[in-house]
Amino acid sequence: MNIFDNTKIAFSLKTDSQLERAYFLFRMIQNEPMVRIGSAVTNFALKVHLPVEGLIRSTVFDHFCGGVTEEDCMPIIDNMYNNGNVHSVLDYSVEGQDQEVSFDGALEKILKIINFCEEKQSIPYAVFKPSGFGRFELYQKISEEKTLTQKEEEEWNRVEARFHKVCKVAIQKDVPLLIDAEESWMQKAADELIEELMETYNKEKAIVFNTLQMYKHDRMDYLKTLHAKAKEKDFYIGMKVVRGAYMEKERERAEEKGYASPICADKQATDINYDAAINYMMEQPKMALFAGTHNEDSSYLLMDLAKKHNIKENDNRLWFGQLFGMSDHISYNLANQGYNVAKYLPFGPVRDVMPYLIRRAEENTSVAGQTSRELNLLKTERKRRKL
């Protein structure tokens with residue numbers, strides 16, 4: 001029996017109207033030209049301040065996001081936890097800011113979320129993106145090993161200070177931190193900074209987690225190199241392992257600039273890479289894994305590996321994660337089996353979260369089979385409920 005086929009458990013928290021909305025949305029997303037046109041029209045409408053926020057809010061925003069503020073998200077968090085045993089990771093999804101004031105604002109937001117995590121068992125992790133705490137171009141310049149101006153040096157010191165401030169509070173409150181990965185041309189600077197943080201703060205267990213995007217073919221080597229450092233310097237490794245979110249963009253840039261693409265040749269190579277990483281991590285006693293996956297095969301593999309290495313379902317070193325509004329058949333059925341499961345729950349002002357939502361929609365159209373799988377499950381459940 002495939003546990004992920006149980007749509008009664010998968011959609012138990014959805015009302016009939018929410019189920020219908022999900023079905024409608026995924027039918028729209030399945031249509032690639034529609035997504036392209038819809039994204040362009042939405043961007044335009046928001047730029048010229050047409051009154052479309054209400055429409056966005058009641059459709060795509062409410063399906064993929066928890067709300068505008070963290071308080072807004074609480075009813076959803078409580079419902080998922082109390083009725084589905086599924087946790088939440090509050091993800092402040094405002095992207096593309098480049099002012100110091102917005103970086104300081106993001107820092108305050110994350111500190112507030114860490115306090116929430118301390119209070120609520122339903123929120124086990126805090127999360128942020130490196131570019132939430134500093135300018136993308138600055139990470140890029142450091143990654144490319146270019147010399148910084150004095151002003152940029154000072155700017156980078158402020159970025160490091162934000163990271164350290166969050167880590168200190170996370171240690172104090174015993175709240176693990178997931179740090180997301182971004183585009184390859186800025187990632188080296190982020191990786192190096194996060195390694196320093198692991199060395200400083202992961203002395204007793206994994207509090208600081210980096211992210212491995214396994215569609216990059218060098219990530220397995222990176223993990224092994226990091227492991228050698230961790231053994232030498234005696235610290236724990238925390239990793240969120242995902243397939244990756246910027247594939248089209250990465251390939252286009254590599255082609256445009258004439259360098260070899262950092263992305264695996266095809267989906268199969270990415271899958272092999274992903275499974276190799278989770279295999280490797282599950283064998284190491286001083287590693288903690290947050291497996292971000294919408295893939296059933298990888299989820300089964302991880303369940304088998306947990307059994308093989310005598311890791312209990314609720315062992316805190318192993319978490320499964322999916323995005324809110326997607327792959328409920330994996331999240332709720334795993335939680336039903338007693339595994340640690342968390343939904344990434346994005347929130348933020350509607351217009352600021354739009355870049356995130358558009359990326360989600362485009363990603364869904366570019367991952368073969370993802371949308372049709374969602375649709376088939378929704379169809380099955382509609383039939384079961386006789387809608």
# chains A, B, ... in the order shown; residues from 1 in each chain; ligands from 1

call {"tool": "residues_around", "arguments": {"residues": "stretch 330-335 of chain A", "least_positions_apart": "2", "cutoff": "12 Å", "atoms": "only C-alpha atoms", "output": "ChimeraX atom specification"}}
result
/A:2-14,80-88,291-300,302-303,313-314,319-328,337-344,373-374,377

call {"tool": "select_by_dssp", "arguments": {"residues": "stretch 138-246 of chain A", "states": "strand (DSSP E)", "output": "JSON, numbers by chain"}}
result
{"A": [177, 178, 179, 208, 209, 210, 211, 212, 213, 237, 238, 239, 240, 241, 242]}

call {"tool": "atom_distance", "arguments": {"atom1": "atom CA of A:Tyr92", "atom2": "atom CA of A:Met239"}}
result
19.6 Å

call {"tool": "closest_residue", "arguments": {"among": "A:Val353, A:Leu387, A:Leu148, A:Leu138", "to": "A:Glu53", "atoms": "only C-alpha atoms"}}
result
A:Val353

call {"tool": "closest_residue", "arguments": {"among": "A:Val41, A:Ala22, A:Met198, A:Val208", "to": "A:Ile358", "atoms": "only C-alpha atoms"}}
result
A:Val41

call {"tool": "residues_around", "arguments": {"residues": "A:Met282", "least_positions_apart": "3", "cutoff": "8 Å", "atoms": "only C-alpha atoms", "output": "compact mmCIF listing (two decimals) with C-alpha atoms, in the first residue's frame"}}
result
# COMPACT_ATOMS: atom_id res chain seq x y z
CA ILE A 278 20.33 12.00 2.53
CA ASN A 279 22.00 8.55 2.54
CA PRO A 285 25.81 10.62 14.16
CA MET A 287 24.38 15.52 11.56
CA LEU A 289 18.67 16.62 8.52
CA LEU A 305 17.06 4.77 6.24
CA ALA A 306 15.57 5.85 9.58
CA HIS A 309 19.89 3.35 11.45

call {"tool": "residues_around", "arguments": {"residues": "stretch 105-121 of chain A", "least_positions_apart": "2", "cutoff": "8 Å", "atoms": "only C-alpha atoms", "output": "list in words"}}
result
Glu70, Leu90, Tyr92, Val101, Ser102, Phe103, Ile123, Pro124, Tyr125, Ala126, Val127, Phe128, Gly132, Phe133, Arg162, Val166, Val169, Ala170, Lys173, Asp174 and Val175 of chain A

call {"tool": "residues_around", "arguments": {"residues": "A:Ile207", "least_positions_apart": "5", "cutoff": "6 Å", "atoms": "only C-alpha atoms", "output": "number ranges by chain"}}
result
A: 176-177, 202

call {"tool": "atom_distance", "arguments": {"atom1": "atom CA of A:Lys216", "atom2": "atom CA of A:Val35"}}
result
25.7 Å

call {"tool": "residues_around", "arguments": {"residues": "A:Ile142", "least_positions_apart": "4", "cutoff": "12 Å", "atoms": "only C-alpha atoms", "output": "compact mmCIF listing (two decimals) with C-alpha atoms, in the first residue's frame"}}
result
# COMPACT_ATOMS: atom_id res chain seq x y z
CA ARG A 135 22.60 42.99 -0.34
CA PHE A 136 22.67 40.22 -2.94
CA GLU A 137 25.37 42.10 -4.92
CA LEU A 138 27.59 42.21 -1.85
CA LYS A 146 36.65 40.88 -5.64
CA THR A 147 38.15 43.50 -3.34
CA LEU A 148 35.58 45.36 -1.27
CA THR A 149 35.68 49.12 -0.79
CA GLU A 152 31.40 47.65 1.54
CA GLU A 153 33.65 46.19 4.27
CA GLU A 155 28.40 46.92 5.17
CA TRP A 156 29.58 43.29 5.32
CA TRP A 185 26.77 33.22 -7.94
CA MET A 186 26.26 34.54 -4.41
CA GLN A 187 26.24 31.25 -2.50
CA LYS A 188 29.97 30.88 -1.78
CA ALA A 189 29.98 33.93 0.51
CA ALA A 190 26.88 32.67 2.31
CA ASP A 191 28.32 29.15 2.69
CA GLU A 192 31.56 30.44 4.20
CA LEU A 193 29.75 32.65 6.66

call {"tool": "residues_around", "arguments": {"residues": "stretch 355-357 of chain A", "least_positions_apart": "2", "cutoff": "7 Å", "atoms": "only C-alpha atoms", "output": "list in words"}}
result
Ser93, Glu95, Val353, Arg359, Arg360 and Ala361 of chain A

call {"tool": "write_last_selection", "arguments": {"atoms": "C-alpha atoms", "output": "tab-separated table (two decimals), in the first residue's frame"}}
result
chain	number	residue	atom	x	y	z
A	93	SER	CA	8.82	35.73	2.13
A	95	GLU	CA	12.21	39.17	-1.52
A	353	VAL	CA	5.20	38.25	-1.48
A	359	ARG	CA	8.31	31.67	-8.62
A	360	ARG	CA	6.20	28.93	-7.02
A	361	ALA	CA	3.76	28.89	-9.94

call {"tool": "atom_distance", "arguments": {"atom1": "atom CA of A:Glu195", "atom2": "atom CA of A:Ile263"}}
result
22.6 Å

call {"tool": "closest_residue", "arguments": {"among": "A:Met34, A:Glu100, A:Leu301, A:Phe64", "to": "A:Arg158", "atoms": "only C-alpha atoms"}}
result
A:Glu100

call {"tool": "select_by_dssp", "arguments": {"residues": "stretch 217-269 of chain A", "states": "helix (DSSP H, G or I)", "output": "number ranges by chain"}}
result
A: 219-233, 247-257, 267-269

call {"tool": "write_last_selection", "arguments": {"atoms": "N, CA and C atoms", "output": "short mmCIF file (atom, residue, chain, number, x, y, z; two decimals), in the first residue's frame"}}
result
data_model
loop_
_atom_site.label_atom_id
_atom_site.label_comp_id
_atom_site.auth_asym_id
_atom_site.auth_seq_id
_atom_site.Cartn_x
_atom_site.Cartn_y
_atom_site.Cartn_z
N ARG A 219 27.36 19.73 -4.95
CA ARG A 219 26.95 19.80 -3.54
C ARG A 219 27.38 18.60 -2.70
N MET A 220 27.47 17.43 -3.32
CA MET A 220 27.89 16.25 -2.59
C MET A 220 29.35 16.41 -2.13
N ASP A 221 30.18 16.92 -3.03
CA ASP A 221 31.59 17.19 -2.67
C ASP A 221 31.67 18.23 -1.57
N TYR A 222 30.81 19.25 -1.69
CA TYR A 222 30.80 20.31 -0.67
C TYR A 222 30.46 19.71 0.70
N LEU A 223 29.47 18.84 0.74
CA LEU A 223 29.03 18.23 2.01
C LEU A 223 30.17 17.41 2.63
N LYS A 224 30.86 16.66 1.80
CA LYS A 224 31.97 15.82 2.31
C LYS A 224 33.12 16.68 2.84
N THR A 225 33.42 17.77 2.13
CA THR A 225 34.48 18.68 2.59
C THR A 225 34.10 19.31 3.92
N LEU A 226 32.84 19.73 4.02
CA LEU A 226 32.35 20.33 5.27
C LEU A 226 32.42 19.30 6.41
N HIS A 227 32.08 18.07 6.10
CA HIS A 227 32.09 17.01 7.12
C HIS A 227 33.51 16.81 7.67
N ALA A 228 34.49 16.84 6.76
CA ALA A 228 35.89 16.69 7.19
C ALA A 228 36.28 17.82 8.16
N LYS A 229 35.83 19.06 7.82
CA LYS A 229 36.10 20.21 8.70
C LYS A 229 35.42 20.03 10.06
N ALA A 230 34.18 19.54 10.01
CA ALA A 230 33.41 19.38 11.26
C ALA A 230 34.07 18.36 12.18
N LYS A 231 34.60 17.31 11.58
CA LYS A 231 35.28 16.28 12.40
C LYS A 231 36.54 16.87 13.02
N GLU A 232 37.26 17.63 12.21
CA GLU A 232 38.52 18.22 12.68
C GLU A 232 38.26 19.25 13.78
N LYS A 233 37.23 20.07 13.59
CA LYS A 233 36.99 21.17 14.54
C LYS A 233 35.89 20.85 15.55
N MET A 247 16.38 26.78 -11.13
CA MET A 247 16.96 26.04 -12.24
C MET A 247 17.01 26.81 -13.55
N GLU A 248 15.84 27.34 -13.98
CA GLU A 248 15.78 28.05 -15.27
C GLU A 248 16.77 29.22 -15.26
N LYS A 249 16.73 29.98 -14.17
CA LYS A 249 17.56 31.16 -14.02
C LYS A 249 19.06 30.80 -14.08
N GLU A 250 19.42 29.71 -13.39
CA GLU A 250 20.83 29.26 -13.36
C GLU A 250 21.31 28.88 -14.77
N ARG A 251 20.47 28.12 -15.47
CA ARG A 251 20.88 27.66 -16.81
C ARG A 251 20.99 28.83 -17.78
N GLU A 252 20.02 29.72 -17.71
CA GLU A 252 20.03 30.90 -18.60
C GLU A 252 21.27 31.75 -18.38
N ARG A 253 21.61 31.98 -17.12
CA ARG A 253 22.77 32.83 -16.81
C ARG A 253 24.07 32.17 -17.29
N ALA A 254 24.18 30.85 -17.05
CA ALA A 254 25.39 30.12 -17.47
C ALA A 254 25.57 30.23 -18.98
N GLU A 255 24.45 30.09 -19.71
CA GLU A 255 24.52 30.16 -21.16
C GLU A 255 24.90 31.57 -21.63
N GLU A 256 24.24 32.53 -21.01
CA GLU A 256 24.45 33.93 -21.37
C GLU A 256 25.90 34.37 -21.11
N LYS A 257 26.46 33.91 -19.97
CA LYS A 257 27.81 34.36 -19.59
C LYS A 257 28.89 33.38 -20.06
N LYS A 267 16.86 15.70 -14.58
CA LYS A 267 16.11 15.44 -13.35
C LYS A 267 16.63 14.18 -12.64
N GLN A 268 16.94 13.15 -13.43
CA GLN A 268 17.40 11.89 -12.84
C GLN A 268 18.72 12.08 -12.08
N ALA A 269 19.63 12.86 -12.66
CA ALA A 269 20.91 13.13 -11.99
C ALA A 269 20.69 13.89 -10.68
#

call {"tool": "closest_residue", "arguments": {"among": "A:Asn210, A:Ser184, A:Ser122, A:Thr200", "to": "A:Lys168", "atoms": "only C-alpha atoms"}}
result
A:Thr200

call {"tool": "closest_residue", "arguments": {"among": "A:Glu182, A:Asp266, A:Asp104, A:Ile311", "to": "A:Glu283", "atoms": "only C-alpha atoms"}}
result
A:Ile311
